[in-house]
Amino acid sequence: EKISKGLKKTKDSVIRQMDQMFSSFTKVDEELFEELEELLVMGDVGVHTSEKICSRLREKVKREKITDAAKVKEALKEIITELMEGGEELNLSSKPSVILVIGVNGVGKTTTIGKMAADLKASGKRVLMVAADTFRAAAIDQLQIWADRAGVDIIKHGEGADPAAVVFDGMQAAKARGVDVVICDTAGRLHNKKNLMDELSKISRVIQREIGDNDMEVLLVLDATTGQNAVNQARQFKEAAGLTGIVLTKLDGTARGGVVISIKDDLGIPIKYIGVGEQIDDLQPFDAKGFVDALFD
Ligand code: GDP
């Protein structure tokens with residue numbers, strides 16, 4: 001329900017047009033596929049993914065001998081779900097498990113960390129935040145505010161401190177306190193690809209020393225209101241960092257929710273969470289089927 005509300009702008013524009021299109025077609029022909037592809041591209045699904053969806057839809061319609069436009073919509077939902085499915089769940093198997101969070105300023109990184117901490121805590125996990133974005137004092141202060149809101153501990157040093165040293169302290173505290181999940185804010189921006197890679201690999205080495213070869217999550221936070229530009233941004237980050245997942249924020253503030261559909265297909269990286277508002281409980285673990293149902297309901 002929350003997702004549905006968060007997708008209102010996308011539904012009011014793109015999905016409404018799609019529904020009008022489906023109801024205006026009396027038979028299923030090439031014109032319908034062409035119009036649908038155009039709508040998908042306009043709805044920020046991305047050219048490549050829109051083409052793929054339509055070509056799969058054509059095959060499915062032919063194979064299943066679908067002649068009713070309303071049934072095409074059901075087939076479309078299935079195809080979109082298949083494209084997005086897989087790998088949505090966070091890998092939290094080691095103790096402590098670690099989530100590194102990266103992203104450019106303003107995308108909602110701090111807010112997402114706060115919401116994520118609250119969500120994990122609500123599911124019974126002991127959570128620790130680590131303020132390894134030491135580049136700006138304000139980033140540390142903001143994270144402290146979110147730690148208080150979520151009711152979790154935070155490890156921080158002063159502005160300009162060595163991020164790897166903060167992470168080291170964080171890992172020691174996590175072990176001493178029996179923490180389940182360490183969420184680590186980083187200054188993982190994109191000023192310069194080499195800086196980003198160096199910073200992340202330094203932090204990763206500190207973490208790996210503690211949790212061995214266990215996987216950690218590296219989540220990139222993206223602002224959905226930037227539509228397909230978010231996908232381009234992700235592509236650049238992907239080259240510099242070993243991303244394991246995406247968090248797409250601000251879906252509530254945009255009609256460009258279609259971008260969710262193309263991320264996994266375009267980048268091969270699953271979406272783990274979506275942000276649908278500014279409040280602490282406005283972050284939803286991503287579930288492809290639930291998302292598609294909410295979008296088309
Ligand atoms: P950061 O610079 O990446 O750490 O960004 P912040 O976490 O400070 O967020 C920037 C702004 O985006 C703030 O005003 C947040 O309230 C807002 N924001 C973050 N996530 C969402 C979301 O899912 N929906 C909406 N509407 N606003 C969000």
# chains A, B, ... in the order shown; residues from 1 in each chain; ligands from 1
>>> residues_near_ligand(ligand="ligand 1", cutoff="6 Å", atoms="only C-alpha atoms and all ligand atoms", output="count of residues only")
15
>>> select_by_dssp(residues="range 197-261 of chain A", states="strand (DSSP E)", output="VMD selection string")
chain A and resid 217 to 223 245 to 249
>>> write_last_selection(atoms="C-alpha atoms", output="PDB file, in the first residue's frame")
ATOM      1  CA  GLU A 217      27.069  -5.445   0.511  1.00  0.00           C
ATOM      2  CA  VAL A 218      28.100  -2.373  -1.446  1.00  0.00           C
ATOM      3  CA  LEU A 219      24.942  -0.362  -2.068  1.00  0.00           C
ATOM      4  CA  LEU A 220      24.730   2.569  -4.429  1.00  0.00           C
ATOM      5  CA  VAL A 221      22.034   5.127  -3.628  1.00  0.00           C
ATOM      6  CA  LEU A 222      20.405   6.726  -6.665  1.00  0.00           C
ATOM      7  CA  ASP A 223      17.825   9.494  -6.972  1.00  0.00           C
ATOM      8  CA  GLY A 245      22.893  -3.558  -5.010  1.00  0.00           C
ATOM      9  CA  ILE A 246      21.017  -0.359  -5.664  1.00  0.00           C
ATOM     10  CA  VAL A 247      18.749   1.754  -3.494  1.00  0.00           C
ATOM     11  CA  LEU A 248      16.457   3.985  -5.501  1.00  0.00           C
ATOM     12  CA  THR A 249      15.174   6.972  -3.517  1.00  0.00           C
TER      13      THR A 249
END
>>> atom_distance(atom1="CA of Lys73 in chain A", atom2="CA of Leu40 in chain A")
13.0 Å
>>> atom_distance(atom1="CA of Lys11 in chain A", atom2="CA of Leu57 in chain A")
20.9 Å
>>> residues_around(residues="Ile145 in chain A", least_positions_apart="6", cutoff="12 Å", atoms="only C-alpha atoms", output="list of chain:residue names")
A:Thr110, A:Thr111, A:Ile113, A:Gly114, A:Lys115, A:Met129, A:Ala131, A:Ala138, A:Ala139, A:Gly151, A:Val152, A:Asp153, A:Ile154, A:Ile280
>>> write_last_selection(atoms="N, CA and C atoms", output="tab-separated table (two decimals), in the first residue's frame")
chain	number	residue	atom	x	y	z
A	110	THR	N	22.23	9.62	3.42
A	110	THR	CA	22.11	9.65	4.88
A	110	THR	C	20.74	9.17	5.34
A	111	THR	N	19.72	9.72	4.68
A	111	THR	CA	18.34	9.34	5.01
A	111	THR	C	18.15	7.84	4.84
A	113	ILE	N	20.39	5.46	5.00
A	113	ILE	CA	21.09	4.72	6.06
A	113	ILE	C	20.24	4.71	7.33
A	114	GLY	N	19.67	5.87	7.65
A	114	GLY	CA	18.81	5.96	8.84
A	114	GLY	C	17.61	5.04	8.75
A	115	LYS	N	16.95	5.07	7.59
A	115	LYS	CA	15.76	4.23	7.40
A	115	LYS	C	16.13	2.75	7.42
A	129	MET	N	25.96	2.05	13.19
A	129	MET	CA	26.33	2.93	12.08
A	129	MET	C	27.79	3.34	12.20
A	131	ALA	N	30.36	6.32	10.71
A	131	ALA	CA	30.39	7.58	9.95
A	131	ALA	C	31.73	7.74	9.23
A	138	ALA	N	29.17	18.22	8.37
A	138	ALA	CA	27.70	18.14	8.33
A	138	ALA	C	27.22	16.72	8.07
A	139	ALA	N	27.99	15.96	7.31
A	139	ALA	CA	27.60	14.57	7.02
A	139	ALA	C	27.60	13.74	8.30
A	151	GLY	N	17.50	4.89	16.81
A	151	GLY	CA	17.83	4.25	18.08
A	151	GLY	C	18.94	3.23	17.95
A	152	VAL	N	19.97	3.56	17.18
A	152	VAL	CA	21.12	2.66	17.07
A	152	VAL	C	22.40	3.41	17.41
A	153	ASP	N	23.44	2.65	17.74
A	153	ASP	CA	24.73	3.25	18.09
A	153	ASP	C	25.45	3.72	16.82
A	154	ILE	N	26.37	4.67	17.03
A	154	ILE	CA	27.15	5.17	15.91
A	154	ILE	C	28.61	5.32	16.35
A	280	ILE	N	11.00	8.00	8.47
A	280	ILE	CA	11.88	6.88	8.81
A	280	ILE	C	11.34	5.53	8.28
>>> closest_residue(among="A:Lys71, A:Ala165, A:Val47, A:Glu38", to="Ser23 in chain A", atoms="only C-alpha atoms")
A:Lys71
>>> residues_around(residues="Cys184 in chain A", least_positions_apart="4", cutoff="9 Å", atoms="only C-alpha atoms", output="PyMOL selection string")
chain A and resi 98-102+113+128-133+167+170
>>> select_by_dssp(residues="range 83-196 of chain A", states="alpha helix (DSSP H)", output="NGL selection string")
:A and (83-84 or 109-122 or 137-150 or 163-177 or 193-196)
>>> residues_around(residues="Arg16 in chain A", least_positions_apart="3", cutoff="12 Å", atoms="only C-alpha atoms", output="list of chain:residue names")
A:Lys8, A:Lys9, A:Thr10, A:Lys11, A:Asp12, A:Ser13, A:Asp19, A:Gln20, A:Met21, A:Phe22, A:Ser23, A:Leu39, A:Gly43, A:Ala255, A:Leu295, A:Phe296, A:Asp297
>>> closest_residue(among="A:Lys5, A:Ile263, A:Leu143, A:Glu59", to="Thr112 in chain A", atoms="only C-alpha atoms")
A:Leu143
>>> closest_residue(among="A:Ala122, A:Lys194, A:Leu7, A:Ala174", to="Thr225 in chain A", atoms="only C-alpha atoms")
A:Leu7
>>> closest_residue(among="A:Ser204, A:Ser94, A:Gln284, A:Thr49", to="Ala241 in chain A", atoms="only C-alpha atoms")
A:Ser204
>>> atom_distance(atom1="CA of Ile211 in chain A", atom2="CA of Leu283 in chain A")
27.3 Å
>>> closest_residue(among="A:Ile79, A:Ala234, A:Val259, A:Ala69", to="Val14 in chain A", atoms="only C-alpha atoms")
A:Val259
>>> closest_residue(among="A:Pro96, A:Leu83, A:Phe291, A:Ile271", to="Asp180 in chain A", atoms="only C-alpha atoms")
A:Pro96
